[in-house]
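Source file: upload_9.txt (compact mmCIF, C-alpha atoms)
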# COMPACT_ATOMS: atom_id res chain seq x y z
CA MET A 19 -32.67 240.88 104.62
CA ARG A 20 -30.26 240.40 107.51
CA VAL A 21 -31.83 239.22 110.75
CA LEU A 22 -30.20 239.09 114.19
CA GLY A 23 -31.88 236.37 116.25
CA ILE A 24 -31.67 236.53 120.03
CA ASP A 25 -32.64 233.71 122.40
CA PRO A 26 -32.64 235.82 125.59
CA GLY A 27 -31.09 234.50 128.77
CA LEU A 28 -28.83 235.64 131.58
CA THR A 29 -26.60 232.59 131.89
CA ARG A 30 -26.47 231.83 128.16
CA CYS A 31 -27.94 234.17 125.55
CA GLY A 32 -27.93 232.66 122.06
CA ILE A 33 -27.26 235.05 119.20
CA GLY A 34 -27.09 234.48 115.44
CA VAL A 35 -27.14 236.42 112.18
CA VAL A 36 -28.82 235.05 109.05
CA ASP A 37 -29.06 236.62 105.58
CA GLY A 38 -31.88 235.61 103.27
CA ALA A 39 -35.29 236.27 101.80
CA VAL A 40 -38.41 234.24 101.10
CA GLY A 41 -37.62 231.99 98.11
CA SER A 42 -33.86 232.59 98.20
CA PRO A 43 -31.19 230.49 99.89
CA LEU A 44 -30.28 231.36 103.47
CA SER A 45 -26.79 231.93 104.76
CA MET A 46 -25.30 232.30 108.21
CA ALA A 47 -23.22 235.42 108.84
CA GLY A 48 -22.39 234.84 112.50
CA VAL A 49 -23.35 232.80 115.52
CA GLY A 50 -22.42 232.79 119.19
CA VAL A 51 -23.47 232.64 122.79
CA ILE A 52 -23.16 235.48 125.28
CA VAL A 53 -22.31 234.10 128.70
CA THR A 54 -22.49 236.28 131.80
CA PRO A 55 -20.79 235.08 135.01
CA THR A 56 -23.18 233.74 137.63
CA ASP A 57 -21.04 235.09 140.49
CA ILE A 58 -21.43 238.80 139.77
CA ALA A 59 -24.36 241.09 140.62
CA LEU A 60 -27.50 240.89 138.48
CA GLU A 61 -27.12 244.48 137.26
CA ALA A 62 -23.51 243.79 136.24
CA ARG A 63 -24.66 240.73 134.25
CA LEU A 64 -27.29 242.84 132.44
CA LEU A 65 -24.61 245.45 131.70
CA ASP A 66 -22.34 242.74 130.21
CA LEU A 67 -25.25 241.48 128.10
CA ASP A 68 -26.11 245.02 126.97
CA ARG A 69 -22.53 245.65 125.86
CA ALA A 70 -22.25 242.31 124.04
CA ILE A 71 -25.57 242.63 122.16
CA ASN A 72 -24.72 246.23 121.21
CA GLU A 73 -21.43 244.95 119.81
CA TRP A 74 -23.21 242.33 117.69
CA VAL A 75 -25.63 244.98 116.42
CA SER A 76 -22.85 247.38 115.49
CA ILE A 77 -20.71 244.68 113.81
CA TRP A 78 -23.52 243.08 111.79
CA SER A 79 -25.96 245.99 111.23
CA PRO A 80 -29.07 243.81 111.06
CA ASP A 81 -32.22 245.03 109.25
CA VAL A 82 -34.41 243.38 111.86
CA ILE A 83 -33.95 241.90 115.33
CA ALA A 84 -35.98 238.78 116.20
CA ILE A 85 -36.36 237.85 119.87
CA GLU A 86 -37.87 234.74 121.38
CA ARG A 87 -41.14 235.45 123.18
CA VAL A 88 -41.11 233.38 126.32
CA PHE A 89 -44.16 232.80 128.43
CA ALA A 90 -44.06 232.71 132.20
CA GLN A 91 -45.53 229.20 132.29
CA HIS A 92 -42.53 227.63 130.56
CA ASN A 93 -39.93 227.83 133.29
CA VAL A 94 -40.89 229.61 136.46
CA ARG A 95 -37.41 229.37 137.98
CA THR A 96 -35.60 231.34 135.28
CA VAL A 97 -38.43 233.46 133.90
CA MET A 98 -37.45 236.71 135.66
CA GLY A 99 -33.88 236.50 134.29
CA THR A 100 -35.24 235.76 130.82
CA GLY A 101 -37.61 238.73 131.09
CA GLN A 102 -34.82 241.05 132.21
CA ALA A 103 -32.53 239.85 129.38
CA ALA A 104 -35.35 240.26 126.83
CA GLY A 105 -35.97 243.77 128.18
CA VAL A 106 -32.32 244.69 127.55
CA ALA A 107 -32.48 243.29 124.00
CA LEU A 108 -35.78 245.07 123.20
CA LEU A 109 -34.40 248.35 124.52
CA ILE A 110 -31.29 248.05 122.33
CA ALA A 111 -33.51 247.54 119.27
CA ALA A 112 -35.67 250.54 120.19
CA LYS A 113 -32.64 252.76 120.83
CA SER A 114 -30.96 251.79 117.53
CA GLY A 115 -34.23 252.27 115.60
CA ILE A 116 -34.03 248.68 114.31
CA PRO A 117 -37.43 247.00 113.86
CA VAL A 118 -37.90 244.16 116.33
CA MET A 119 -40.30 241.24 116.35
CA MET A 120 -40.94 238.44 118.80
CA HIS A 121 -41.75 234.85 117.88
CA THR A 122 -42.87 232.08 120.22
CA PRO A 123 -40.88 228.84 120.50
CA SER A 124 -43.63 226.90 118.71
CA GLU A 125 -43.75 229.41 115.84
CA VAL A 126 -39.98 228.97 115.48
CA LYS A 127 -40.16 225.15 115.57
CA ALA A 128 -43.04 225.10 113.07
CA ALA A 129 -41.25 227.45 110.67
CA VAL A 130 -37.98 225.53 110.72
CA THR A 131 -39.09 221.89 110.98
CA GLY A 132 -42.75 221.96 109.94
CA SER A 133 -43.88 220.91 113.42
CA GLY A 134 -44.53 223.16 116.43
CA ARG A 135 -43.65 220.21 118.66
CA ALA A 136 -40.21 219.38 117.24
CA ASN A 137 -37.51 218.74 119.83
CA LYS A 138 -34.31 220.76 120.22
CA ALA A 139 -32.17 218.21 118.32
CA GLN A 140 -34.55 218.24 115.33
CA VAL A 141 -34.51 222.06 115.26
CA ALA A 142 -30.70 222.15 115.48
CA SER A 143 -30.30 219.60 112.71
CA MET A 144 -32.73 221.47 110.37
CA VAL A 145 -30.93 224.75 111.10
CA ALA A 146 -27.61 223.22 110.03
CA LYS A 147 -29.25 221.81 106.88
CA LEU A 148 -31.00 225.07 105.92
CA LEU A 149 -27.84 227.12 106.44
CA ASN A 150 -25.68 224.53 104.70
CA LEU A 151 -23.39 224.11 107.71
CA LYS A 152 -21.05 221.13 108.00
CA GLU A 153 -21.44 221.02 111.76
CA ILE A 154 -24.30 221.87 114.09
CA PRO A 155 -23.36 225.01 116.07
CA LYS A 156 -23.20 224.42 119.84
CA PRO A 157 -24.66 224.98 122.39
CA VAL A 158 -28.37 224.73 121.64
CA ASP A 159 -28.91 228.42 122.52
CA ALA A 160 -26.88 229.27 119.41
CA THR A 161 -28.98 227.11 117.07
CA ASP A 162 -32.14 228.46 118.73
CA ALA A 163 -31.06 232.00 117.85
CA LEU A 164 -30.38 230.97 114.22
CA ALA A 165 -33.77 229.20 114.06
CA LEU A 166 -35.41 232.39 115.30
CA ALA A 167 -33.74 234.43 112.55
CA ILE A 168 -34.81 231.88 109.90
CA CYS A 169 -38.35 231.88 111.28
CA HIS A 170 -38.41 235.65 111.00
CA ILE A 171 -37.22 235.65 107.39
CA TRP A 172 -39.89 233.13 106.39
CA ARG A 173 -42.79 234.15 108.60
CA GLY A 174 -42.26 237.80 109.27
CA GLY A 175 -41.63 238.91 105.70
CA ALA A 176 -44.73 241.09 105.30
CA SER A 177 -44.86 242.44 108.85
CA ALA A 178 -41.11 243.04 108.79
CA LYS A 179 -41.50 245.16 105.66
CA ILE A 180 -44.19 247.22 107.38
CA SER A 181 -42.08 247.68 110.54
CA GLN A 182 -39.14 248.68 108.41
CA ALA A 183 -41.15 251.23 106.44
CA VAL A 184 -42.39 252.68 109.74
CA ALA A 185 -38.84 252.82 111.11
CA ILE A 186 -37.56 254.63 108.02
CA GLU A 187 -40.46 257.10 108.18
CA ARG A 188 -39.79 257.73 111.86
CA SER A 189 -36.11 258.38 111.33
CA ARG A 190 -36.99 260.73 108.42
CA LEU A 191 -39.36 262.67 110.68
CA ARG A 192 -36.73 262.76 113.42
CA LYS A 193 -34.21 264.28 111.00
CA LEU A 194 -36.78 266.84 109.75
CA ARG A 195 -37.55 267.87 113.35
CA GLY A 196 -33.88 267.90 114.42
CA MET B 3 -28.85 258.86 152.10
CA ARG B 4 -31.16 259.48 149.14
CA VAL B 5 -32.92 256.39 147.79
CA LEU B 6 -34.86 256.12 144.53
CA GLY B 7 -37.47 253.37 144.88
CA ILE B 8 -38.85 251.72 141.76
CA ASP B 9 -41.88 249.41 141.64
CA PRO B 10 -41.27 248.09 138.12
CA GLY B 11 -44.14 247.73 135.67
CA LEU B 12 -44.94 248.42 132.05
CA THR B 13 -48.43 249.87 132.45
CA ARG B 14 -47.70 251.73 135.68
CA CYS B 15 -44.20 251.99 137.15
CA GLY B 16 -44.18 253.55 140.63
CA ILE B 17 -41.23 255.78 141.45
CA GLY B 18 -40.34 257.71 144.61
CA VAL B 19 -37.41 259.46 146.24
CA VAL B 20 -36.84 259.38 150.01
CA ASP B 21 -34.09 261.04 152.06
CA GLY B 22 -33.16 259.62 155.41
CA ALA B 23 -30.92 257.47 157.57
CA VAL B 24 -31.41 254.87 160.29
CA GLY B 25 -32.47 256.77 163.44
CA SER B 26 -33.21 260.06 161.64
CA PRO B 27 -36.53 261.31 160.33
CA LEU B 28 -37.44 260.44 156.73
CA SER B 29 -38.57 262.91 154.11
CA MET B 30 -40.05 262.53 150.66
CA ALA B 31 -38.26 264.37 147.85
CA GLY B 32 -40.42 263.24 144.94
CA VAL B 33 -43.04 260.71 143.94
CA GLY B 34 -44.75 259.73 140.72
CA VAL B 35 -45.93 257.05 138.36
CA ILE B 36 -44.51 256.41 134.90
CA VAL B 37 -47.29 255.32 132.57
CA THR B 38 -46.53 253.87 129.14
CA PRO B 39 -49.34 253.65 126.56
CA THR B 40 -50.73 250.15 126.07
CA ASP B 41 -51.35 250.75 122.36
CA ILE B 42 -47.73 251.16 121.26
CA ALA B 43 -45.12 248.45 120.59
CA LEU B 44 -43.46 246.77 123.56
CA GLU B 45 -40.00 248.09 122.63
CA ALA B 46 -41.39 251.65 122.39
CA ARG B 47 -42.90 251.27 125.88
CA LEU B 48 -39.53 250.12 127.26
CA LEU B 49 -37.85 253.08 125.56
CA ASP B 50 -40.38 255.48 127.18
CA LEU B 51 -39.71 253.85 130.55
CA ASP B 52 -35.94 254.05 130.04
CA ARG B 53 -36.14 257.77 129.25
CA ALA B 54 -38.42 258.53 132.19
CA ILE B 55 -36.35 256.61 134.77
CA ASN B 56 -33.15 258.21 133.44
CA GLU B 57 -34.78 261.60 133.89
CA TRP B 58 -35.66 260.81 137.53
CA VAL B 59 -32.10 259.62 138.15
CA SER B 60 -30.57 262.74 136.65
CA ILE B 61 -32.95 265.12 138.46
CA TRP B 62 -32.66 263.51 141.91
CA SER B 63 -29.14 261.98 141.86
CA PRO B 64 -29.95 259.13 144.25
CA ASP B 65 -27.18 257.43 146.26
CA VAL B 66 -28.90 254.08 145.86
CA ILE B 67 -31.66 252.61 143.69
CA ALA B 68 -34.03 250.10 145.32
CA ILE B 69 -36.11 247.88 143.03
CA GLU B 70 -38.89 245.47 143.95
CA ARG B 71 -37.89 241.86 143.44
CA VAL B 72 -40.91 240.13 141.96
CA PHE B 73 -41.23 236.38 141.77
CA ALA B 74 -42.78 234.61 138.82
CA GLN B 75 -45.36 232.93 141.03
CA HIS B 76 -47.03 236.21 141.98
CA ASN B 77 -48.75 237.14 138.76
CA VAL B 78 -48.10 234.95 135.76
CA ARG B 79 -50.04 237.19 133.37
CA THR B 80 -47.89 240.30 133.85
CA VAL B 81 -44.61 238.75 134.97
CA MET B 82 -42.78 239.09 131.64
CA GLY B 83 -43.60 242.82 131.44
CA THR B 84 -42.47 243.27 135.04
CA GLY B 85 -39.23 241.41 134.29
CA GLN B 86 -38.55 243.53 131.22
CA ALA B 87 -39.26 246.76 133.14
CA ALA B 88 -37.02 245.61 136.01
CA GLY B 89 -34.28 244.79 133.47
CA VAL B 90 -34.44 248.36 132.12
CA ALA B 91 -34.24 249.81 135.66
CA LEU B 92 -31.33 247.54 136.66
CA LEU B 93 -29.43 248.44 133.50
CA ILE B 94 -29.86 252.17 134.18
CA ALA B 95 -28.42 251.68 137.68
CA ALA B 96 -25.47 249.70 136.31
CA LYS B 97 -24.78 252.25 133.57
CA SER B 98 -24.89 255.18 135.99
CA GLY B 99 -22.71 253.36 138.51
CA ILE B 100 -25.37 253.78 141.21
CA PRO B 101 -25.55 250.86 143.69
CA VAL B 102 -28.80 248.95 143.31
CA MET B 103 -30.56 246.54 145.63
CA MET B 104 -33.72 244.49 145.33
CA HIS B 105 -36.21 243.84 148.12
CA THR B 106 -39.12 241.44 148.07
CA PRO B 107 -42.69 242.68 148.66
CA SER B 108 -42.79 240.96 152.06
CA GLU B 109 -39.49 242.53 153.14
CA VAL B 110 -40.95 245.92 152.20
CA LYS B 111 -44.23 245.30 154.04
CA ALA B 112 -42.39 244.03 157.13
CA ALA B 113 -40.01 247.01 157.19
CA VAL B 114 -42.77 249.62 156.83
CA THR B 115 -45.66 248.13 158.83
CA GLY B 116 -44.01 245.49 161.01
CA SER B 117 -45.88 242.69 159.24
CA GLY B 118 -44.88 240.91 156.04
CA ARG B 119 -48.57 240.24 155.38
CA ALA B 120 -49.86 243.83 155.60
CA ASN B 121 -52.28 244.84 152.84
CA LYS B 122 -51.70 247.64 150.32
CA ALA B 123 -53.88 250.13 152.25
CA GLN B 124 -51.93 249.53 155.48
CA VAL B 125 -48.62 250.03 153.66
CA ALA B 126 -49.87 253.22 151.98
CA SER B 127 -51.14 254.65 155.26
CA MET B 128 -47.84 253.88 157.08
CA VAL B 129 -45.85 255.44 154.23
CA ALA B 130 -47.85 258.68 154.55
CA LYS B 131 -47.34 258.66 158.34
CA LEU B 132 -43.58 257.95 158.17
CA LEU B 133 -43.03 260.64 155.54
CA ASN B 134 -45.30 263.09 157.35
CA LEU B 135 -47.56 263.55 154.32
CA LYS B 136 -51.02 265.11 154.69
CA GLU B 137 -52.43 262.92 151.93
CA ILE B 138 -51.65 259.39 150.77
CA PRO B 139 -50.00 259.59 147.33
CA LYS B 140 -51.98 257.82 144.58
CA PRO B 141 -52.01 255.38 142.87
CA VAL B 142 -50.76 252.51 145.00
CA ASP B 143 -47.72 252.00 142.71
CA ALA B 144 -46.44 255.38 143.96
CA THR B 145 -46.74 254.47 147.65
CA ASP B 146 -45.18 251.07 146.90
CA ALA B 147 -42.13 252.83 145.45
CA LEU B 148 -41.85 255.07 148.53
CA ALA B 149 -42.23 252.02 150.82
CA LEU B 150 -39.40 250.34 148.92
CA ALA B 151 -37.13 253.35 149.44
CA ILE B 152 -37.98 253.45 153.17
CA CYS B 153 -37.36 249.70 153.44
CA HIS B 154 -33.97 250.19 151.83
CA ILE B 155 -32.98 252.99 154.22
CA TRP B 156 -33.92 250.89 157.25
CA ARG B 157 -32.91 247.41 156.12
CA GLY B 158 -30.18 247.95 153.61
CA GLY B 159 -28.02 250.32 155.62
CA ALA B 160 -24.99 248.07 156.02
CA SER B 161 -25.13 246.36 152.63
CA ALA B 162 -25.80 249.71 150.96
CA LYS B 163 -22.64 251.13 152.54
CA ILE B 164 -20.64 248.20 151.20
CA SER B 165 -22.12 248.53 147.69
CA GLN B 166 -21.39 252.23 147.77
CA ALA B 167 -17.78 251.73 148.84
CA VAL B 168 -17.38 249.22 146.01
CA ALA B 169 -18.94 251.64 143.51
CA ILE B 170 -16.59 254.44 144.58
CA GLU B 171 -13.58 252.14 144.35
CA ARG B 172 -14.65 251.00 140.88
CA SER B 173 -15.08 254.52 139.59
CA ARG B 174 -11.65 255.43 141.07
CA LEU B 175 -10.07 252.49 139.23
CA ARG B 176 -11.90 253.45 136.05
CA LYS B 177 -10.45 256.96 136.27
CA LEU B 178 -6.94 255.63 136.96
CA ARG B 179 -7.19 253.35 133.91
CA GLY B 180 -8.78 256.06 131.71
Whole structure given in structure tokens:
Amino acid sequence: MRVLGIDPGLTRCGIGVVDGAVGSPLSMAGVGVIVTPTDIALEARLLDLDRAINEWVSIWSPDVIAIERVFAQHNVRTVMGTGQAAGVALLIAAKSGIPVMMHTPSEVKAAVTGSGRANKAQVASMVAKLLNLKEIPKPVDATDALALAICHIWRGGASAKISQAVAIERSRLRKLRG
Amino acid sequence: MRVLGIDPGLTRCGIGVVDGAVGSPLSMAGVGVIVTPTDIALEARLLDLDRAINEWVSIWSPDVIAIERVFAQHNVRTVMGTGQAAGVALLIAAKSGIPVMMHTPSEVKAAVTGSGRANKAQVASMVAKLLNLKEIPKPVDATDALALAICHIWRGGASAKISQAVAIERSRLRKLRG
């Protein structure tokens, strides 16, 4: 299973691709950070983000997209930008017919480190270990996106299979109707 | 000037089209509410919203899109959904090359009623009066969208002209490059 993890954000959006399955070794296919300039209009930043995520999707053809579910309480100042960026990512998944799932930061931490309260450095270091990387990818948004993809592979196995079956069935019905 | 006002929301997204200019009478071209089912996946709801807003844009060809700028403080419970819906609306504007502006709820209230603290009933009643409507459109999300469009016509005149000039220039450059 190939999972594209997205840590949504306007200023820095972490993105990472991990291949793996429960009980098999994991490997990183790609990792990066999408940066949109802070001095252009909000709608132009969302358009940049839309183009960049679409590019990642078309290059890597993920089976599933995993997005971080952020709660309003966490950071009031940036929450609207995060919501808008997450909206763009969710819409891309829906338009491409790729199953999408959201995981909370504590689900991600617990899956990767064993503790829902791990700090960012602990998560980053476990991500590098699990993916057998010589260096920890920077910045932290990038490792967060990889952690999200790993979390999805380990946690979301069963639900991901169901979403995928539904997606395949939907696309089959679409073709029959078309 | 034709303005499409959008009061973003996942459960109910108010939408309204107003024609007018500073110093001229206003008239309503269309009004409605986009409802997405609460029992389908979040990404499917955003896809429904995307399709519906795109339909409004293509039917009414607005010169400007005005979107309500919501702050996280206002309603923590629904703020992520509002952010995601606003992200979809902003992206549609950017993709169609239509200038977009955001106005805060108090700017809208002040523009329409003269007071930034007016209640929803006062705003709705002024909207009906200004647009010469025999009945107040329902639900309140619909009148909020119309109020937003009116606010834009009255407040955003100068900035809207600048955004429009920029949009025209951009599309000219795009054509030259293409």
Superposition of chain B onto chain A by least squares over all sequentially paired C-alpha atoms; the transformed chain is requested as a CSV table (one decimal) with C-alpha atoms, in the coordinates of the input.
chain,number,residue,atom,x,y,z
B,3,MET,CA,-32.7,240.9,104.6
B,4,ARG,CA,-30.3,240.4,107.5
B,5,VAL,CA,-31.8,239.2,110.8
B,6,LEU,CA,-30.2,239.1,114.2
B,7,GLY,CA,-31.9,236.4,116.3
B,8,ILE,CA,-31.7,236.5,120.0
B,9,ASP,CA,-32.6,233.7,122.4
B,10,PRO,CA,-32.6,235.8,125.6
B,11,GLY,CA,-31.1,234.5,128.8
B,12,LEU,CA,-28.8,235.6,131.6
B,13,THR,CA,-26.6,232.6,131.9
B,14,ARG,CA,-26.5,231.8,128.2
B,15,CYS,CA,-27.9,234.2,125.6
B,16,GLY,CA,-27.9,232.6,122.1
B,17,ILE,CA,-27.3,235.0,119.2
B,18,GLY,CA,-27.1,234.5,115.4
B,19,VAL,CA,-27.1,236.4,112.2
B,20,VAL,CA,-28.8,235.0,109.0
B,21,ASP,CA,-29.1,236.6,105.6
B,22,GLY,CA,-31.9,235.6,103.3
B,23,ALA,CA,-35.3,236.3,101.8
B,24,VAL,CA,-38.4,234.2,101.1
B,25,GLY,CA,-37.6,232.0,98.1
B,26,SER,CA,-33.9,232.6,98.2
B,27,PRO,CA,-31.2,230.5,99.9
B,28,LEU,CA,-30.3,231.4,103.5
B,29,SER,CA,-26.8,231.9,104.8
B,30,MET,CA,-25.3,232.3,108.2
B,31,ALA,CA,-23.2,235.4,108.8
B,32,GLY,CA,-22.4,234.8,112.5
B,33,VAL,CA,-23.4,232.8,115.5
B,34,GLY,CA,-22.4,232.8,119.2
B,35,VAL,CA,-23.5,232.6,122.8
B,36,ILE,CA,-23.1,235.5,125.3
B,37,VAL,CA,-22.3,234.1,128.7
B,38,THR,CA,-22.5,236.3,131.8
B,39,PRO,CA,-20.8,235.1,135.0
B,40,THR,CA,-23.2,233.7,137.6
B,41,ASP,CA,-21.0,235.1,140.5
B,42,ILE,CA,-21.4,238.8,139.8
B,43,ALA,CA,-24.4,241.1,140.6
B,44,LEU,CA,-27.5,240.9,138.5
B,45,GLU,CA,-27.1,244.5,137.3
B,46,ALA,CA,-23.5,243.8,136.2
B,47,ARG,CA,-24.7,240.7,134.3
B,48,LEU,CA,-27.3,242.8,132.4
B,49,LEU,CA,-24.6,245.4,131.7
B,50,ASP,CA,-22.3,242.7,130.2
B,51,LEU,CA,-25.3,241.5,128.1
B,52,ASP,CA,-26.1,245.0,127.0
B,53,ARG,CA,-22.5,245.6,125.9
B,54,ALA,CA,-22.3,242.3,124.0
B,55,ILE,CA,-25.6,242.6,122.2
B,56,ASN,CA,-24.7,246.2,121.2
B,57,GLU,CA,-21.4,245.0,119.8
B,58,TRP,CA,-23.2,242.3,117.7
B,59,VAL,CA,-25.6,245.0,116.4
B,60,SER,CA,-22.9,247.4,115.5
B,61,ILE,CA,-20.7,244.7,113.8
B,62,TRP,CA,-23.5,243.1,111.8
B,63,SER,CA,-26.0,246.0,111.2
B,64,PRO,CA,-29.1,243.8,111.1
B,65,ASP,CA,-32.2,245.0,109.3
B,66,VAL,CA,-34.4,243.4,111.9
B,67,ILE,CA,-34.0,241.9,115.3
B,68,ALA,CA,-36.0,238.8,116.2
B,69,ILE,CA,-36.4,237.8,119.9
B,70,GLU,CA,-37.9,234.7,121.4
B,71,ARG,CA,-41.1,235.4,123.2
B,72,VAL,CA,-41.1,233.4,126.3
B,73,PHE,CA,-44.2,232.8,128.4
B,74,ALA,CA,-44.1,232.7,132.2
B,75,GLN,CA,-45.5,229.2,132.3
B,76,HIS,CA,-42.5,227.6,130.6
B,77,ASN,CA,-39.9,227.8,133.3
B,78,VAL,CA,-40.9,229.6,136.5
B,79,ARG,CA,-37.4,229.4,138.0
B,80,THR,CA,-35.6,231.3,135.3
B,81,VAL,CA,-38.4,233.4,133.9
B,82,MET,CA,-37.5,236.7,135.6
B,83,GLY,CA,-33.9,236.5,134.3
B,84,THR,CA,-35.2,235.7,130.8
B,85,GLY,CA,-37.6,238.7,131.1
B,86,GLN,CA,-34.8,241.0,132.2
B,87,ALA,CA,-32.5,239.8,129.4
B,88,ALA,CA,-35.3,240.2,126.8
B,89,GLY,CA,-36.0,243.8,128.2
B,90,VAL,CA,-32.3,244.7,127.6
B,91,ALA,CA,-32.5,243.3,124.0
B,92,LEU,CA,-35.8,245.1,123.2
B,93,LEU,CA,-34.4,248.3,124.5
B,94,ILE,CA,-31.3,248.0,122.3
B,95,ALA,CA,-33.5,247.5,119.3
B,96,ALA,CA,-35.7,250.5,120.2
B,97,LYS,CA,-32.6,252.8,120.8
B,98,SER,CA,-31.0,251.8,117.5
B,99,GLY,CA,-34.2,252.2,115.6
B,100,ILE,CA,-34.0,248.7,114.3
B,101,PRO,CA,-37.5,247.0,113.9
B,102,VAL,CA,-37.9,244.2,116.3
B,103,MET,CA,-40.3,241.2,116.4
B,104,MET,CA,-40.9,238.4,118.8
B,105,HIS,CA,-41.8,234.8,117.9
B,106,THR,CA,-42.9,232.1,120.2
B,107,PRO,CA,-40.9,228.8,120.5
B,108,SER,CA,-43.6,226.9,118.7
B,109,GLU,CA,-43.7,229.4,115.8
B,110,VAL,CA,-40.0,229.0,115.5
B,111,LYS,CA,-40.2,225.2,115.6
B,112,ALA,CA,-43.0,225.1,113.1
B,113,ALA,CA,-41.2,227.5,110.7
B,114,VAL,CA,-38.0,225.5,110.7
B,115,THR,CA,-39.1,221.9,111.0
B,116,GLY,CA,-42.7,222.0,109.9
B,117,SER,CA,-43.9,220.9,113.4
B,118,GLY,CA,-44.5,223.1,116.4
B,119,ARG,CA,-43.6,220.2,118.7
B,120,ALA,CA,-40.2,219.4,117.2
B,121,ASN,CA,-37.5,218.7,119.8
B,122,LYS,CA,-34.3,220.8,120.2
B,123,ALA,CA,-32.2,218.2,118.3
B,124,GLN,CA,-34.5,218.2,115.3
B,125,VAL,CA,-34.5,222.1,115.3
B,126,ALA,CA,-30.7,222.1,115.5
B,127,SER,CA,-30.3,219.6,112.7
B,128,MET,CA,-32.7,221.5,110.4
B,129,VAL,CA,-30.9,224.8,111.1
B,130,ALA,CA,-27.6,223.2,110.0
B,131,LYS,CA,-29.2,221.8,106.9
B,132,LEU,CA,-31.0,225.1,105.9
B,133,LEU,CA,-27.8,227.1,106.5
B,134,ASN,CA,-25.7,224.5,104.7
B,135,LEU,CA,-23.4,224.1,107.7
B,136,LYS,CA,-21.1,221.1,108.0
B,137,GLU,CA,-21.4,221.0,111.8
B,138,ILE,CA,-24.3,221.9,114.1
B,139,PRO,CA,-23.4,225.0,116.1
B,140,LYS,CA,-23.2,224.4,119.9
B,141,PRO,CA,-24.6,225.0,122.4
B,142,VAL,CA,-28.4,224.7,121.7
B,143,ASP,CA,-28.9,228.4,122.5
B,144,ALA,CA,-26.9,229.3,119.4
B,145,THR,CA,-29.0,227.1,117.1
B,146,ASP,CA,-32.1,228.4,118.7
B,147,ALA,CA,-31.0,232.0,117.8
B,148,LEU,CA,-30.4,231.0,114.2
B,149,ALA,CA,-33.8,229.2,114.1
B,150,LEU,CA,-35.4,232.4,115.3
B,151,ALA,CA,-33.7,234.4,112.6
B,152,ILE,CA,-34.8,231.9,109.9
B,153,CYS,CA,-38.3,231.9,111.3
B,154,HIS,CA,-38.4,235.6,111.0
B,155,ILE,CA,-37.2,235.6,107.4
B,156,TRP,CA,-39.9,233.1,106.4
B,157,ARG,CA,-42.8,234.2,108.6
B,158,GLY,CA,-42.3,237.8,109.3
B,159,GLY,CA,-41.7,239.0,105.7
B,160,ALA,CA,-44.8,241.1,105.3
B,161,SER,CA,-44.9,242.5,108.9
B,162,ALA,CA,-41.1,243.1,108.8
B,163,LYS,CA,-41.5,245.2,105.7
B,164,ILE,CA,-44.2,247.3,107.4
B,165,SER,CA,-42.1,247.7,110.6
B,166,GLN,CA,-39.2,248.7,108.4
B,167,ALA,CA,-41.2,251.3,106.4
B,168,VAL,CA,-42.4,252.7,109.7
B,169,ALA,CA,-38.9,252.9,111.1
B,170,ILE,CA,-37.6,254.7,108.0
B,171,GLU,CA,-40.5,257.2,108.1
B,172,ARG,CA,-39.8,257.8,111.8
B,173,SER,CA,-36.1,258.4,111.3
B,174,ARG,CA,-37.0,260.8,108.4
B,175,LEU,CA,-39.4,262.7,110.7
B,176,ARG,CA,-36.7,262.8,113.4
B,177,LYS,CA,-34.2,264.3,110.9
B,178,LEU,CA,-36.8,266.9,109.7
B,179,ARG,CA,-37.5,267.9,113.3
B,180,GLY,CA,-33.8,267.9,114.3
Could you list the residues in chain A lying within 7 Å of chain B, using all atoms listed in the file, and format the result as a PDB file with C-alpha atoms, keeping the file's coordinate frame?
ATOM      1  CA  GLU A  61     -27.120 244.480 137.260  1.00  0.00           C
ATOM      2  CA  ALA A  62     -23.510 243.790 136.240  1.00  0.00           C
ATOM      3  CA  LEU A  64     -27.290 242.840 132.440  1.00  0.00           C
ATOM      4  CA  LEU A  65     -24.610 245.450 131.700  1.00  0.00           C
ATOM      5  CA  ALA A  90     -44.060 232.710 132.200  1.00  0.00           C
ATOM      6  CA  VAL A  94     -40.890 229.610 136.460  1.00  0.00           C
ATOM      7  CA  VAL A  97     -38.430 233.460 133.900  1.00  0.00           C
ATOM      8  CA  MET A  98     -37.450 236.710 135.660  1.00  0.00           C
ATOM      9  CA  GLY A 101     -37.610 238.730 131.090  1.00  0.00           C
ATOM     10  CA  GLN A 102     -34.820 241.050 132.210  1.00  0.00           C
ATOM     11  CA  ALA A 103     -32.530 239.850 129.380  1.00  0.00           C
ATOM     12  CA  ALA A 104     -35.350 240.260 126.830  1.00  0.00           C
ATOM     13  CA  GLY A 105     -35.970 243.770 128.180  1.00  0.00           C
ATOM     14  CA  VAL A 106     -32.320 244.690 127.550  1.00  0.00           C
ATOM     15  CA  LEU A 108     -35.780 245.070 123.200  1.00  0.00           C
ATOM     16  CA  LEU A 109     -34.400 248.350 124.520  1.00  0.00           C
ATOM     17  CA  ALA A 112     -35.670 250.540 120.190  1.00  0.00           C
TER      18      ALA A 112
END
Using all atoms listed in the file, find each residue of range 19-63 of chain A with at least one atom at most 7 Å away from an atom of range 147-169 of chain A; report its shortest atom-to-atom pair and that distance in Å (one decimal), sort the rows by chain and rising residue number, and return the result as a tab-separated table.
residue	atom	partner	partner_atom	distance
A:Val21	CA	A:Ala167	CA	5.5
A:Leu22	CA	A:Ala167	CA	6.1
A:Gly23	CA	A:Ala167	CA	4.6
A:Ile24	CA	A:Ala163	CA	5.1
A:Asp25	CA	A:Ala163	CA	5.1
A:Cys31	CA	A:Asp159	CA	6.6
A:Gly32	CA	A:Asp159	CA	4.4
A:Ile33	CA	A:Ala163	CA	5.1
A:Gly34	CA	A:Leu164	CA	5.0
A:Val35	CA	A:Leu164	CA	6.7
A:Val36	CA	A:Ala167	CA	6.1
A:Leu44	CA	A:Leu149	CA	5.7
A:Ser45	CA	A:Leu149	CA	5.2
A:Met46	CA	A:Leu149	CA	6.0
A:Val49	CA	A:Ala160	CA	6.3
A:Gly50	CA	A:Ala160	CA	5.7
A:Val51	CA	A:Ala160	CA	5.9
